[in-house]
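Undergrad: Input: one structure, supplied below.
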Amino acid sequence: MKNRGYVIVGHDATTKILPNARVKLVLEADFEMRVYRRVKQLNAQEFGAIAKVFSDLLKRNVDSFDLVLETKKVATIINTSDLSIKQVVARILSHVLWVKFGDNNMLHLIIFILFVFVYICVLIF
């Protein structure tokens, strides 16, 4: 896996599967936003369905508490609660480019500067 790019999903990816990865990102959202998004995704309208989403996410939080804490020690956290999809993608790409820029390559520096400019434009408009 050394010279290839991969996207691996799950908290274990940062600590057990690829502990030496150069880029480790965790996307998170506030609990209320996660409930809202899941209810919207499932098109849940009945109280029982909404309550089940709430309890399922709460159980998941409790069950994975230690793993999430361990992950937060080694990964960069991006809280998506108040971000659009474009903004989330921009933050991910800016982080990846920042890590790549660390190789002291002038081309990477130019790309990074251009990306930051585009990122700022996306946030403003």
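By convention in this document, the chains of the structure tokens carry letters A, B, ... by their order, each chain's residues are numbered from 1, and ligands are numbered from 1 in the order they are shown.
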DSSP on the backbone: which residues in region 33-102 of chain A end up as strand (DSSP E or B)? Give the answer as an MDAnalysis selection string.

TA: chainID A and resid 76:79

Undergrad: Can you tell me which residues surround Leu123 (chain A) at a distance of at most 9 Å, considering only C-alpha atoms, apart from same-chain residues fewer than 5 positions away, and format the answer as a list in words?

TA: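 Returned residues: Lys86, Gln87 and Val118 of chain A.
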
Undergrad: Output N, CA and C atoms for every residue in the selection just made, as a PDB file, in the first residue's frame.

TA:
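What follows is the written file selection_26.pdb:
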ATOM      1  N   LYS A  86     -19.682  20.881  -0.023  1.00  0.00           N
ATOM      2  CA  LYS A  86     -18.548  21.549  -0.679  1.00  0.00           C
ATOM      3  C   LYS A  86     -17.491  21.962   0.341  1.00  0.00           C
ATOM      4  N   GLN A  87     -17.933  22.481   1.463  1.00  0.00           N
ATOM      5  CA  GLN A  87     -16.989  22.926   2.484  1.00  0.00           C
ATOM      6  C   GLN A  87     -16.238  21.748   3.099  1.00  0.00           C
ATOM      7  N   VAL A 118      -9.051  29.121  -3.697  1.00  0.00           N
ATOM      8  CA  VAL A 118     -10.355  28.584  -4.105  1.00  0.00           C
ATOM      9  C   VAL A 118     -11.193  28.251  -2.882  1.00  0.00           C
TER      10      VAL A 118
END

Undergrad: Residues of region 3-29 of chain A that approach region 50-73 of chain A to 9 Å or less, counting only C-alpha atoms: could you list each one with the shortest pair of atoms and its distance in Å to one decimal, rows by chain and increasing residue number, as a Markdown table?

TA:
| residue | atom | partner | partner_atom | distance |
| --- | --- | --- | --- | --- |
| A:His11 | CA | A:Thr71 | CA | 6.1 |
| A:Asp12 | CA | A:Leu67 | CA | 7.6 |
| A:Ala13 | CA | A:Thr71 | CA | 8.8 |
| A:Thr14 | CA | A:Thr71 | CA | 6.2 |
| A:Thr15 | CA | A:Thr71 | CA | 6.4 |
| A:Val26 | CA | A:Lys72 | CA | 7.8 |

Undergrad: Keeping only N, CA and C atoms, take the residues you just selected and write them out as a PDB file, in the first residue's frame.

TA:
ATOM      1  N   HIS A  11     -13.244   3.982  12.361  1.00  0.00           N
ATOM      2  CA  HIS A  11     -12.290   4.462  13.361  1.00  0.00           C
ATOM      3  C   HIS A  11     -11.068   3.546  13.478  1.00  0.00           C
ATOM      4  N   ASP A  12     -11.249   2.250  13.253  1.00  0.00           N
ATOM      5  CA  ASP A  12     -10.123   1.312  13.307  1.00  0.00           C
ATOM      6  C   ASP A  12      -9.063   1.621  12.255  1.00  0.00           C
ATOM      7  N   ALA A  13      -9.462   2.276  11.172  1.00  0.00           N
ATOM      8  CA  ALA A  13      -8.512   2.579  10.099  1.00  0.00           C
ATOM      9  C   ALA A  13      -7.372   3.449  10.606  1.00  0.00           C
ATOM     10  N   THR A  14      -7.654   4.347  11.537  1.00  0.00           N
ATOM     11  CA  THR A  14      -6.625   5.273  12.015  1.00  0.00           C
ATOM     12  C   THR A  14      -5.701   4.657  13.045  1.00  0.00           C
ATOM     13  N   THR A  15      -6.163   3.638  13.736  1.00  0.00           N
ATOM     14  CA  THR A  15      -5.371   3.088  14.837  1.00  0.00           C
ATOM     15  C   THR A  15      -4.870   1.675  14.595  1.00  0.00           C
ATOM     16  N   VAL A  26     -11.025  12.283  10.491  1.00  0.00           N
ATOM     17  CA  VAL A  26     -12.275  11.781  11.042  1.00  0.00           C
ATOM     18  C   VAL A  26     -13.325  12.859  10.830  1.00  0.00           C
TER      19      VAL A  26
END

Undergrad: CA of Ser81 (chain A) and CA of Glu32 (chain A), how far apart in Å?

TA: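 Taking CA of Glu32 (chain A) and CA of Ser81 (chain A), their separation equals 8.9 Å.
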
Undergrad: Do a neighbour search on Asn79 (chain A) at 12 Å with only C-alpha atoms, toss out local chain neighbours closer than 6 positions, and write the hits as a ChimeraX atom specification.

TA: /A:25-31,33-34,72,85,87-88,91-92

Undergrad: Which neighbours of Ile113 (chain A) fall inside 10 Å, counting only C-alpha atoms, when residues of the same chain fewer than 4 positions from it are skipped, and could you give them as a PDB file with C-alpha atoms, in the first residue's frame?

TA:
ATOM      1  CA  SER A  94      -6.772  21.314   1.890  1.00  0.00           C
ATOM      2  CA  LEU A  97      -2.556  19.073   0.116  1.00  0.00           C
ATOM      3  CA  TRP A  98      -1.044  20.482   3.297  1.00  0.00           C
ATOM      4  CA  PHE A 101       3.113  20.177   0.683  1.00  0.00           C
ATOM      5  CA  LEU A 107       4.733  22.472  -7.355  1.00  0.00           C
ATOM      6  CA  HIS A 108       2.877  21.324  -4.263  1.00  0.00           C
ATOM      7  CA  LEU A 109       3.339  24.773  -2.744  1.00  0.00           C
ATOM      8  CA  PHE A 117      -7.547  30.718  -2.625  1.00  0.00           C
ATOM      9  CA  VAL A 118     -10.355  28.584  -4.105  1.00  0.00           C
ATOM     10  CA  TYR A 119     -11.279  27.313  -0.642  1.00  0.00           C
TER      11      TYR A 119
END

Undergrad: Once DSSP has gone over the backbone, tell me which residues of region 51-107 of chain A are in helix (DSSP H, G or I), as a count of residues only.

TA: 42
